[in-house]
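Novice: I am sharing start.tsv, which consists of TSV, N, CA and C atoms:
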```tsv
chain	number	residue	atom	x	y	z
P	290	MET	N	0.83	-1.19	0.00
P	290	MET	CA	0.00	0.00	0.00
P	290	MET	C	0.86	1.24	0.00
P	291	ASN	N	2.06	1.19	-0.51
P	291	ASN	CA	2.94	2.34	-0.57
P	291	ASN	C	2.84	3.07	-1.90
P	292	GLU	N	1.73	2.92	-2.62
P	292	GLU	CA	1.52	3.62	-3.87
P	292	GLU	C	1.16	5.06	-3.60
P	293	LYS	N	1.66	5.95	-4.47
P	293	LYS	CA	1.30	7.35	-4.34
P	293	LYS	C	-0.02	7.58	-5.06
P	294	VAL	N	-0.92	8.25	-4.41
P	294	VAL	CA	-2.22	8.56	-4.98
P	294	VAL	C	-2.22	10.05	-5.33
P	295	THR	N	-2.58	10.37	-6.55
P	295	THR	CA	-2.66	11.76	-6.97
P	295	THR	C	-3.96	12.37	-6.46
P	296	LEU	N	-3.83	13.46	-5.74
P	296	LEU	CA	-4.99	14.15	-5.19
P	296	LEU	C	-5.24	15.41	-5.99
P	297	PRO	N	-6.48	15.85	-6.06
P	297	PRO	CA	-6.77	17.07	-6.80
P	297	PRO	C	-6.11	18.28	-6.16
P	298	SER	N	-5.73	19.24	-7.00
P	298	SER	CA	-5.15	20.47	-6.46
P	298	SER	C	-6.26	21.36	-5.92
P	299	ILE	N	-5.87	22.25	-5.04
P	299	ILE	CA	-6.83	23.16	-4.43
P	299	ILE	C	-6.43	24.57	-4.86
P	300	PRO	N	-7.26	25.25	-5.66
P	300	PRO	CA	-6.88	26.53	-6.22
P	300	PRO	C	-6.76	27.66	-5.20
P	301	SER	N	-7.57	27.67	-4.18
P	301	SER	CA	-7.52	28.75	-3.21
P	301	SER	C	-8.03	28.25	-1.86
P	302	ARG	N	-7.73	29.03	-0.84
P	302	ARG	CA	-8.26	28.69	0.49
P	302	ARG	C	-9.70	29.15	0.54
P	303	GLN	N	-10.61	28.17	0.50
P	303	GLN	CA	-12.02	28.50	0.40
P	303	GLN	C	-12.72	28.50	1.76
P	304	GLY	N	-11.96	28.42	2.80
P	304	GLY	CA	-12.57	28.42	4.14
P	304	GLY	C	-11.97	27.33	4.99
P	305	ARG	N	-11.96	27.53	6.28
P	305	ARG	CA	-11.37	26.58	7.20
P	305	ARG	C	-12.01	25.21	7.05
P	306	GLY	N	-11.18	24.18	6.88
P	306	GLY	CA	-11.66	22.82	6.78
P	306	GLY	C	-12.11	22.43	5.39
P	307	ASP	N	-12.17	23.34	4.43
P	307	ASP	CA	-12.61	23.00	3.08
P	307	ASP	C	-11.40	22.60	2.26
P	308	PHE	N	-11.25	21.31	2.02
P	308	PHE	CA	-10.07	20.83	1.31
P	308	PHE	C	-10.31	20.74	-0.18
P	309	GLY	N	-11.46	21.14	-0.69
P	309	GLY	CA	-11.69	21.27	-2.11
P	309	GLY	C	-11.84	19.99	-2.90
P	310	PHE	N	-12.09	18.85	-2.28
P	310	PHE	CA	-12.24	17.61	-3.01
P	310	PHE	C	-13.63	17.51	-3.59
P	311	PRO	N	-13.76	17.20	-4.90
P	311	PRO	CA	-15.08	17.13	-5.50
P	311	PRO	C	-15.89	15.91	-5.10
P	312	SER	N	-15.24	14.74	-4.92
P	312	SER	CA	-15.96	13.53	-4.57
P	312	SER	C	-14.98	12.49	-4.06
P	313	PRO	N	-15.46	11.45	-3.36
P	313	PRO	CA	-14.56	10.40	-2.88
P	313	PRO	C	-13.89	9.66	-4.02
P	314	LEU	N	-12.69	9.16	-3.76
P	314	LEU	CA	-11.98	8.36	-4.76
P	314	LEU	C	-12.66	7.02	-4.93
P	315	GLU	N	-12.70	6.51	-6.15
P	315	GLU	CA	-13.30	5.21	-6.43
P	315	GLU	C	-12.55	4.12	-5.70
P	316	GLY	N	-13.25	3.15	-5.17
P	316	GLY	CA	-12.63	1.95	-4.61
P	316	GLY	C	-12.11	2.08	-3.20
P	317	GLU	N	-12.22	3.25	-2.58
P	317	GLU	CA	-11.71	3.38	-1.22
P	317	GLU	C	-12.76	2.86	-0.25
P	318	GLY	N	-12.35	2.63	0.99
P	318	GLY	CA	-13.21	2.01	2.00
P	318	GLY	C	-14.47	2.77	2.32
P	319	GLY	N	-15.27	2.21	3.20
P	319	GLY	CA	-16.55	2.79	3.56
P	319	GLY	C	-16.42	3.91	4.56
P	320	PRO	N	-17.48	4.19	5.27
P	320	PRO	CA	-17.49	5.29	6.22
P	320	PRO	C	-16.41	5.15	7.30
P	321	VAL	N	-15.85	6.29	7.68
P	321	VAL	CA	-14.84	6.34	8.72
P	321	VAL	C	-15.35	7.28	9.80
P	322	PRO	N	-15.71	6.76	10.98
P	322	PRO	CA	-16.28	7.61	12.01
P	322	PRO	C	-15.22	8.46	12.71
P	323	LEU	N	-15.19	9.74	12.40
P	323	LEU	CA	-14.29	10.68	13.06
P	323	LEU	C	-15.08	11.90	13.46
P	324	ALA	N	-14.67	12.53	14.55
P	324	ALA	CA	-15.34	13.76	14.97
P	324	ALA	C	-14.56	14.95	14.45
P	325	GLY	N	-15.20	16.09	14.33
P	325	GLY	CA	-14.49	17.29	13.93
P	325	GLY	C	-15.25	18.11	12.93
P	326	GLY	N	-14.51	18.94	12.17
P	326	GLY	CA	-15.10	19.86	11.21
P	326	GLY	C	-15.41	19.19	9.89
P	327	GLU	N	-15.25	19.94	8.81
P	327	GLU	CA	-15.64	19.46	7.49
P	327	GLU	C	-14.63	18.50	6.88
P	328	GLY	N	-13.36	18.62	7.19
P	328	GLY	CA	-12.34	17.76	6.61
P	328	GLY	C	-11.41	17.30	7.70
P	329	GLY	N	-10.74	16.18	7.52
P	329	GLY	CA	-9.86	15.69	8.57
P	329	GLY	C	-8.85	14.72	8.04
P	330	PHE	N	-7.95	14.31	8.89
P	330	PHE	CA	-6.90	13.37	8.55
P	330	PHE	C	-7.01	12.17	9.48
P	331	SER	N	-6.59	11.02	9.01
P	331	SER	CA	-6.54	9.83	9.83
P	331	SER	C	-5.19	9.17	9.59
P	332	VAL	N	-4.43	8.92	10.63
P	332	VAL	CA	-3.11	8.31	10.48
P	332	VAL	C	-3.24	6.81	10.42
P	333	GLY	N	-2.59	6.17	9.44
P	333	GLY	CA	-2.67	4.73	9.25
P	333	GLY	C	-1.35	4.03	9.48
P	334	LYS	N	-1.39	2.71	9.54
P	334	LYS	CA	-0.18	1.91	9.74
P	334	LYS	C	0.51	1.55	8.41
P	335	ASP	N	-0.09	1.92	7.28
P	335	ASP	CA	0.50	1.60	5.98
P	335	ASP	C	1.37	2.73	5.46
P	336	TYR	N	1.85	3.59	6.34
P	336	TYR	CA	2.71	4.71	5.98
P	336	TYR	C	1.98	5.71	5.10
P	337	ILE	N	0.71	5.92	5.37
P	337	ILE	CA	-0.09	6.91	4.67
P	337	ILE	C	-0.92	7.68	5.68
P	338	VAL	N	-1.40	8.85	5.26
P	338	VAL	CA	-2.40	9.59	5.99
P	338	VAL	C	-3.62	9.60	5.09
P	339	SER	N	-4.74	9.11	5.59
P	339	SER	CA	-5.98	9.13	4.84
P	339	SER	C	-6.63	10.49	5.02
P	340	VAL	N	-7.09	11.07	3.93
P	340	VAL	CA	-7.82	12.33	3.97
P	340	VAL	C	-9.30	11.98	3.95
P	341	ILE	N	-10.04	12.49	4.92
P	341	ILE	CA	-11.42	12.08	5.13
P	341	ILE	C	-12.35	13.28	5.03
P	342	ASP	N	-13.41	13.14	4.27
P	342	ASP	CA	-14.46	14.15	4.23
P	342	ASP	C	-15.39	13.85	5.40
P	343	LEU	N	-15.41	14.73	6.38
P	343	LEU	CA	-16.20	14.48	7.59
P	343	LEU	C	-17.67	14.83	7.41
P	344	ASN	N	-18.04	15.30	6.22
P	344	ASN	CA	-19.46	15.47	5.91
P	344	ASN	C	-20.06	14.15	5.45
P	345	THR	N	-19.27	13.36	4.71
P	345	THR	CA	-19.77	12.10	4.15
P	345	THR	C	-19.14	10.88	4.82
P	346	TYR	N	-18.13	11.10	5.67
P	346	TYR	CA	-17.39	10.02	6.32
P	346	TYR	C	-16.75	9.08	5.30
P	347	GLN	N	-16.24	9.65	4.22
P	347	GLN	CA	-15.60	8.86	3.16
P	347	GLN	C	-14.13	9.25	3.06
P	348	ILE	N	-13.29	8.27	2.77
P	348	ILE	CA	-11.89	8.53	2.48
P	348	ILE	C	-11.84	9.12	1.07
P	349	ILE	N	-11.24	10.31	0.95
P	349	ILE	CA	-11.21	10.98	-0.34
P	349	ILE	C	-9.80	11.11	-0.90
P	350	GLY	N	-8.81	10.62	-0.18
P	350	GLY	CA	-7.44	10.67	-0.66
P	350	GLY	C	-6.48	10.08	0.35
P	351	MET	N	-5.26	9.85	-0.11
P	351	MET	CA	-4.21	9.33	0.77
P	351	MET	C	-2.90	10.04	0.46
P	352	VAL	N	-2.17	10.38	1.51
P	352	VAL	CA	-0.90	11.07	1.37
P	352	VAL	C	0.18	10.17	1.97
P	353	PRO	N	1.23	9.81	1.20
P	353	PRO	CA	2.30	8.99	1.76
P	353	PRO	C	3.12	9.76	2.80
P	354	VAL	N	3.46	9.08	3.89
P	354	VAL	CA	4.28	9.67	4.95
P	354	VAL	C	5.39	8.68	5.30
P	355	GLY	N	6.15	8.97	6.36
P	355	GLY	CA	7.23	8.09	6.79
P	355	GLY	C	6.74	6.83	7.47
P	356	LYS	N	7.70	6.01	7.89
P	356	LYS	CA	7.39	4.71	8.48
P	356	LYS	C	6.85	4.85	9.90
P	357	LYS	N	5.79	4.09	10.19
P	357	LYS	CA	5.11	4.02	11.47
P	357	LYS	C	4.66	5.40	11.97
P	358	PRO	N	3.71	6.01	11.22
P	358	PRO	CA	3.17	7.30	11.69
P	358	PRO	C	2.47	7.12	13.03
P	359	GLN	N	2.75	8.03	13.95
P	359	GLN	CA	2.24	7.91	15.32
P	359	GLN	C	1.24	8.97	15.71
P	360	ALA	N	1.42	10.19	15.21
P	360	ALA	CA	0.57	11.30	15.64
P	360	ALA	C	0.53	12.35	14.55
P	361	ILE	N	-0.51	13.17	14.60
P	361	ILE	CA	-0.66	14.25	13.63
P	361	ILE	C	-1.23	15.47	14.35
P	362	ASP	N	-0.82	16.64	13.89
P	362	ASP	CA	-1.43	17.88	14.37
P	362	ASP	C	-1.60	18.78	13.16
P	363	ILE	N	-2.62	19.64	13.23
P	363	ILE	CA	-2.93	20.54	12.12
P	363	ILE	C	-3.04	21.95	12.66
P	364	ASN	N	-2.36	22.88	12.00
P	364	ASN	CA	-2.48	24.28	12.37
P	364	ASN	C	-3.80	24.80	11.81
P	365	PRO	N	-4.74	25.22	12.67
P	365	PRO	CA	-6.05	25.65	12.19
P	365	PRO	C	-6.01	26.95	11.38
P	366	GLU	N	-4.94	27.71	11.50
P	366	GLU	CA	-4.82	28.96	10.73
P	366	GLU	C	-4.24	28.72	9.34
P	367	THR	N	-3.17	27.91	9.25
P	367	THR	CA	-2.50	27.69	7.95
P	367	THR	C	-2.95	26.40	7.29
P	368	HIS	N	-3.61	25.52	8.04
P	368	HIS	CA	-4.06	24.20	7.59
P	368	HIS	C	-2.90	23.26	7.28
P	369	LEU	N	-1.68	23.63	7.64
P	369	LEU	CA	-0.55	22.72	7.47
P	369	LEU	C	-0.64	21.63	8.52
P	370	ALA	N	-0.30	20.40	8.10
P	370	ALA	CA	-0.32	19.26	9.01
P	370	ALA	C	1.10	18.75	9.21
P	371	ALA	N	1.35	18.14	10.35
P	371	ALA	CA	2.64	17.53	10.64
P	371	ALA	C	2.39	16.15	11.23
P	372	VAL	N	3.09	15.14	10.70
P	372	VAL	CA	2.94	13.75	11.14
P	372	VAL	C	4.25	13.28	11.74
P	373	ALA	N	4.20	12.70	12.94
P	373	ALA	CA	5.38	12.12	13.58
P	373	ALA	C	5.55	10.69	13.09
P	374	ASN	N	6.72	10.40	12.48
P	374	ASN	CA	7.03	9.08	11.92
P	374	ASN	C	8.08	8.39	12.79
P	375	GLU	N	7.64	7.48	13.65
P	375	GLU	CA	8.51	6.88	14.66
P	375	GLU	C	9.69	6.11	14.07
P	376	LYS	N	9.48	5.27	13.08
P	376	LYS	CA	10.55	4.40	12.56
P	376	LYS	C	11.53	5.14	11.64
P	377	ASP	N	11.11	6.29	11.08
P	377	ASP	CA	11.99	7.07	10.20
P	377	ASP	C	12.73	8.17	10.93
P	378	ASN	N	12.40	8.39	12.22
P	378	ASN	CA	12.98	9.50	12.97
P	378	ASN	C	12.77	10.81	12.22
P	379	SER	N	11.52	11.01	11.78
P	379	SER	CA	11.23	12.19	10.97
P	379	SER	C	9.81	12.70	11.23
P	380	ILE	N	9.58	13.91	10.73
P	380	ILE	CA	8.26	14.52	10.69
P	380	ILE	C	7.94	14.74	9.21
P	381	THR	N	6.70	14.44	8.82
P	381	THR	CA	6.26	14.76	7.46
P	381	THR	C	5.33	15.95	7.56
P	382	ALA	N	5.70	17.05	6.89
P	382	ALA	CA	4.84	18.23	6.80
P	382	ALA	C	3.98	18.08	5.55
P	383	ILE	N	2.67	18.35	5.68
P	383	ILE	CA	1.74	18.20	4.57
P	383	ILE	C	1.05	19.54	4.33
P	384	ASP	N	1.09	20.01	3.08
P	384	ASP	CA	0.43	21.26	2.71
P	384	ASP	C	-0.74	20.94	1.79
P	385	PRO	N	-1.98	21.00	2.29
P	385	PRO	CA	-3.14	20.66	1.46
P	385	PRO	C	-3.42	21.68	0.37
P	386	TYR	N	-2.81	22.87	0.45
P	386	TYR	CA	-3.06	23.91	-0.56
P	386	TYR	C	-1.94	23.99	-1.58
P	387	SER	N	-1.07	23.02	-1.59
P	387	SER	CA	0.03	22.98	-2.56
P	387	SER	C	0.09	21.59	-3.18
P	388	ASP	N	-1.03	21.13	-3.73
P	388	ASP	CA	-1.14	19.79	-4.34
P	388	ASP	C	-0.71	18.71	-3.36
P	389	TRP	N	-0.98	18.90	-2.07
P	389	TRP	CA	-0.66	17.92	-1.02
P	389	TRP	C	0.82	17.61	-0.96
P	390	LYS	N	1.63	18.63	-1.25
P	390	LYS	CA	3.09	18.49	-1.19
P	390	LYS	C	3.52	18.10	0.22
P	391	THR	N	4.45	17.16	0.29
P	391	THR	CA	4.99	16.75	1.58
P	391	THR	C	6.47	17.10	1.65
P	392	THR	N	6.92	17.39	2.85
P	392	THR	CA	8.33	17.64	3.12
P	392	THR	C	8.71	16.81	4.33
P	393	THR	N	9.80	16.05	4.22
P	393	THR	CA	10.28	15.23	5.33
P	393	THR	C	11.35	16.00	6.09
P	394	ILE	N	11.19	16.06	7.41
P	394	ILE	CA	12.11	16.78	8.29
P	394	ILE	C	12.72	15.79	9.27
P	395	PRO	N	14.05	15.58	9.22
P	395	PRO	CA	14.68	14.69	10.20
P	395	PRO	C	14.60	15.30	11.61
P	396	VAL	N	14.28	14.47	12.58
P	396	VAL	CA	14.21	14.92	13.98
P	396	VAL	C	14.89	13.90	14.88
P	397	CYS	N	14.66	14.01	16.17
P	397	CYS	CA	15.24	13.11	17.16
P	397	CYS	C	14.77	11.67	16.96
P	398	LYS	N	15.33	10.77	17.76
P	398	LYS	CA	15.04	9.34	17.62
P	398	LYS	C	13.65	8.99	18.15
P	399	HIS	N	12.87	8.26	17.36
P	399	HIS	CA	11.54	7.76	17.71
P	399	HIS	C	10.54	8.86	18.08
P	400	PRO	N	10.23	9.79	17.15
P	400	PRO	CA	9.21	10.78	17.46
P	400	PRO	C	7.84	10.11	17.63
P	401	ILE	N	7.15	10.45	18.70
P	401	ILE	CA	5.86	9.79	18.98
P	401	ILE	C	4.70	10.78	19.05
P	402	ASP	N	4.98	12.08	19.12
P	402	ASP	CA	3.89	13.05	19.16
P	402	ASP	C	4.42	14.39	18.68
P	403	ILE	N	3.49	15.24	18.24
P	403	ILE	CA	3.84	16.58	17.78
P	403	ILE	C	2.70	17.53	18.12
P	404	ALA	N	3.05	18.77	18.41
P	404	ALA	CA	2.07	19.83	18.65
P	404	ALA	C	2.52	21.06	17.86
P	405	ILE	N	1.58	21.72	17.19
P	405	ILE	CA	1.90	22.90	16.40
P	405	ILE	C	1.34	24.13	17.10
P	406	ASN	N	2.19	25.15	17.25
P	406	ASN	CA	1.76	26.43	17.79
P	406	ASN	C	1.19	27.24	16.62
P	407	GLN	N	-0.11	27.54	16.66
P	407	GLN	CA	-0.75	28.21	15.54
P	407	GLN	C	-0.30	29.67	15.40
P	408	LEU	N	0.26	30.27	16.44
P	408	LEU	CA	0.68	31.66	16.36
P	408	LEU	C	1.96	31.86	15.56
P	409	ASP	N	2.90	30.93	15.71
P	409	ASP	CA	4.16	31.08	14.96
P	409	ASP	C	4.43	29.91	14.01
P	410	ASN	N	3.48	28.97	13.92
P	410	ASN	CA	3.58	27.81	13.00
P	410	ASN	C	4.83	26.97	13.26
P	411	ARG	N	5.20	26.83	14.51
P	411	ARG	CA	6.33	25.98	14.89
P	411	ARG	C	5.79	24.75	15.61
P	412	GLY	N	6.52	23.62	15.45
P	412	GLY	CA	6.11	22.39	16.08
P	412	GLY	C	7.03	21.97	17.21
P	413	LEU	N	6.45	21.31	18.20
P	413	LEU	CA	7.21	20.69	19.28
P	413	LEU	C	7.03	19.19	19.13
P	414	VAL	N	8.15	18.46	19.17
P	414	VAL	CA	8.14	17.02	18.94
P	414	VAL	C	8.57	16.29	20.20
P	415	ILE	N	7.81	15.26	20.58
P	415	ILE	CA	8.19	14.39	21.70
P	415	ILE	C	8.83	13.14	21.10
P	416	CYS	N	10.03	12.81	21.58
P	416	CYS	CA	10.73	11.63	21.10
P	416	CYS	C	10.99	10.65	22.23
P	417	ASP	N	10.90	9.37	21.91
P	417	ASP	CA	11.13	8.30	22.87
P	417	ASP	C	12.49	7.68	22.56
P	418	GLU	N	13.54	8.38	22.96
P	418	GLU	CA	14.90	7.96	22.64
P	418	GLU	C	15.38	6.90	23.63
P	419	ASP	N	15.10	5.60	23.29
P	419	ASP	CA	15.59	4.54	24.18
P	419	ASP	C	16.62	3.70	23.51
```
Take the structure in this file and express it as structure tokens.
Specialist:
Amino acid sequence: MNEKVTLPSIPSRQGRGDFGFPSPLEGEGGPVPLAGGEGGFSVGKDYIVSVIDLNTYQIIGMVPVGKKPQAIDINPETHLAAVANEKDNSITAIDPYSDWKTTTIPVCKHPIDIAINQLDNRGLVICDED
């Protein structure tokens, strides 16, 4: 399941939580019960982040990330997401307004959680260095 899935581009920021997806991708799983706003992310064990439309509870895309994703946080102002990848010793930054571009950032050993400060868009990473 390490295939890259092409997601639609988003021309402009149309409002908080609006990720601009026209419809769910064909062949993806059924409803995914998550709480929250209009759009959301779900971290998986297949080294992907599933993008979920929380209006329809459907998986509408997948973004590849590092090995053994453990946690995700999203800046509500910029909509940038950061995923802690425990086995890669990295963070994957995801920009939903730039064709879902990802950037891998090397960090400390075994990152297990991340928190983003929405005021300065900086992240704090917890690592389990054993």
Novice: I'd like the interatomic distance between atom C of P:Pro358 and atom CA of P:Ile337, to a tenth of an Å.
Specialist: 8.7 Å
Novice: Check the smallest atom-to-atom distance from each of P:Val340, P:Ile383, P:Val352, P:Ala370 to P:Ile403 using only C-alpha atoms, then report the winner.
Specialist: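 For P:Ile403, the nearest of the given residues is P:Ala370.
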Novice: Rounded to one decimal in Å, what is the spacing between atom N of P:Thr345 and atom C of P:Ala404?
Specialist: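 Calculated distance between atom N of P:Thr345 and atom C of P:Ala404 is 26.6 Å.
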Novice: Taking 6 positions as the minimum chain separation for residues in the same chain, which residues sit within 7 Å of P:His399 when counting all atoms listed in the file? Answer as a ChimeraX atom specification.
Specialist: /P:374-379,415-419
Novice: When DSSP is applied to the backbone of this structure, which of stretch 338-416 of chain P are assigned strand (DSSP E)? Write them out as a VMD selection string.
Specialist: chain P and resid 338 to 342 347 to 353 358 to 363 370 to 374 379 to 384 390 to 395 400 to 406 411 to 416
Novice: State, in Å with one decimal place, the distance from atom N of P:Val338 to atom N of P:Gly355.
Specialist: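 Between atom N of P:Val338 and atom N of P:Gly355 the gap works out to 7.6 Å.
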Novice: Skipping near chain neighbours, those fewer than 5 positions away, what residues fall within 5 Å of stretch 360-362 of chain P using only N, CA and C atoms, listed as an MDAnalysis selection string?
Specialist: chainID P and resid 370:373
Novice: Which one of P:Gln347, P:Asp384, P:Ser339, P:Leu413 sits closest to P:Thr367 if you count only N, CA and C atoms?
Specialist: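 That would be P:Asp384, the residue with the smallest distance to P:Thr367.
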Novice: Only all heavy atoms needed: put stretch 367-377 of chain P from the block into a file as a short mmCIF file (atom, residue, chain, number, x, y, z; two decimals), in the first residue's frame.
Specialist:
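Okay, decode_11.cif is ready:
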```
data_model
loop_
_atom_site.label_atom_id
_atom_site.label_comp_id
_atom_site.auth_asym_id
_atom_site.auth_seq_id
_atom_site.Cartn_x
_atom_site.Cartn_y
_atom_site.Cartn_z
N THR P 367 -3.17 27.91 9.25
CA THR P 367 -2.50 27.69 7.95
C THR P 367 -2.95 26.40 7.29
O THR P 367 -2.67 26.19 6.12
CB THR P 367 -0.97 27.61 8.14
OG1 THR P 367 -0.65 26.46 8.94
CG2 THR P 367 -0.43 28.88 8.78
N HIS P 368 -3.61 25.52 8.04
CA HIS P 368 -4.06 24.20 7.59
C HIS P 368 -2.90 23.26 7.28
O HIS P 368 -3.11 22.19 6.71
CB HIS P 368 -5.00 24.31 6.38
CG HIS P 368 -6.20 25.14 6.66
ND1 HIS P 368 -7.25 24.69 7.41
CD2 HIS P 368 -6.49 26.42 6.31
CE1 HIS P 368 -8.16 25.65 7.51
NE2 HIS P 368 -7.72 26.70 6.85
N LEU P 369 -1.68 23.63 7.64
CA LEU P 369 -0.55 22.72 7.47
C LEU P 369 -0.64 21.63 8.52
O LEU P 369 -1.01 21.88 9.66
CB LEU P 369 0.78 23.47 7.61
CG LEU P 369 1.07 24.52 6.55
CD1 LEU P 369 2.33 25.28 6.89
CD2 LEU P 369 1.19 23.88 5.17
N ALA P 370 -0.30 20.40 8.10
CA ALA P 370 -0.32 19.26 9.01
C ALA P 370 1.10 18.75 9.21
O ALA P 370 1.95 18.90 8.33
CB ALA P 370 -1.20 18.15 8.44
N ALA P 371 1.35 18.14 10.35
CA ALA P 371 2.64 17.53 10.64
C ALA P 371 2.39 16.15 11.23
O ALA P 371 1.57 16.00 12.15
CB ALA P 371 3.45 18.39 11.60
N VAL P 372 3.09 15.14 10.70
CA VAL P 372 2.94 13.75 11.14
C VAL P 372 4.25 13.28 11.74
O VAL P 372 5.31 13.42 11.12
CB VAL P 372 2.56 12.84 9.94
CG1 VAL P 372 2.43 11.40 10.39
CG2 VAL P 372 1.29 13.32 9.26
N ALA P 373 4.20 12.70 12.94
CA ALA P 373 5.38 12.12 13.58
C ALA P 373 5.55 10.69 13.09
O ALA P 373 4.66 9.86 13.23
CB ALA P 373 5.22 12.14 15.10
N ASN P 374 6.72 10.40 12.48
CA ASN P 374 7.03 9.08 11.92
C ASN P 374 8.08 8.39 12.79
O ASN P 374 9.26 8.68 12.69
CB ASN P 374 7.56 9.22 10.49
CG ASN P 374 6.62 10.01 9.61
OD1 ASN P 374 5.45 9.71 9.52
ND2 ASN P 374 7.16 11.04 8.99
N GLU P 375 7.64 7.48 13.65
CA GLU P 375 8.51 6.88 14.66
C GLU P 375 9.69 6.11 14.07
O GLU P 375 10.82 6.25 14.52
CB GLU P 375 7.71 5.96 15.58
CG GLU P 375 8.56 5.40 16.70
CD GLU P 375 7.79 4.50 17.64
OE1 GLU P 375 6.63 4.16 17.34
OE2 GLU P 375 8.35 4.14 18.70
N LYS P 376 9.48 5.27 13.08
CA LYS P 376 10.55 4.40 12.56
C LYS P 376 11.53 5.14 11.64
O LYS P 376 12.63 4.67 11.42
CB LYS P 376 9.97 3.21 11.80
CG LYS P 376 9.21 2.25 12.67
CD LYS P 376 10.14 1.42 13.52
CE LYS P 376 9.35 0.39 14.30
NZ LYS P 376 10.17 -0.43 15.13
N ASP P 377 11.11 6.29 11.08
CA ASP P 377 11.99 7.07 10.20
C ASP P 377 12.73 8.17 10.93
O ASP P 377 13.55 8.85 10.33
CB ASP P 377 11.16 7.73 9.09
CG ASP P 377 10.87 6.78 7.95
OD1 ASP P 377 11.39 5.66 7.95
OD2 ASP P 377 10.10 7.18 7.06
#
```
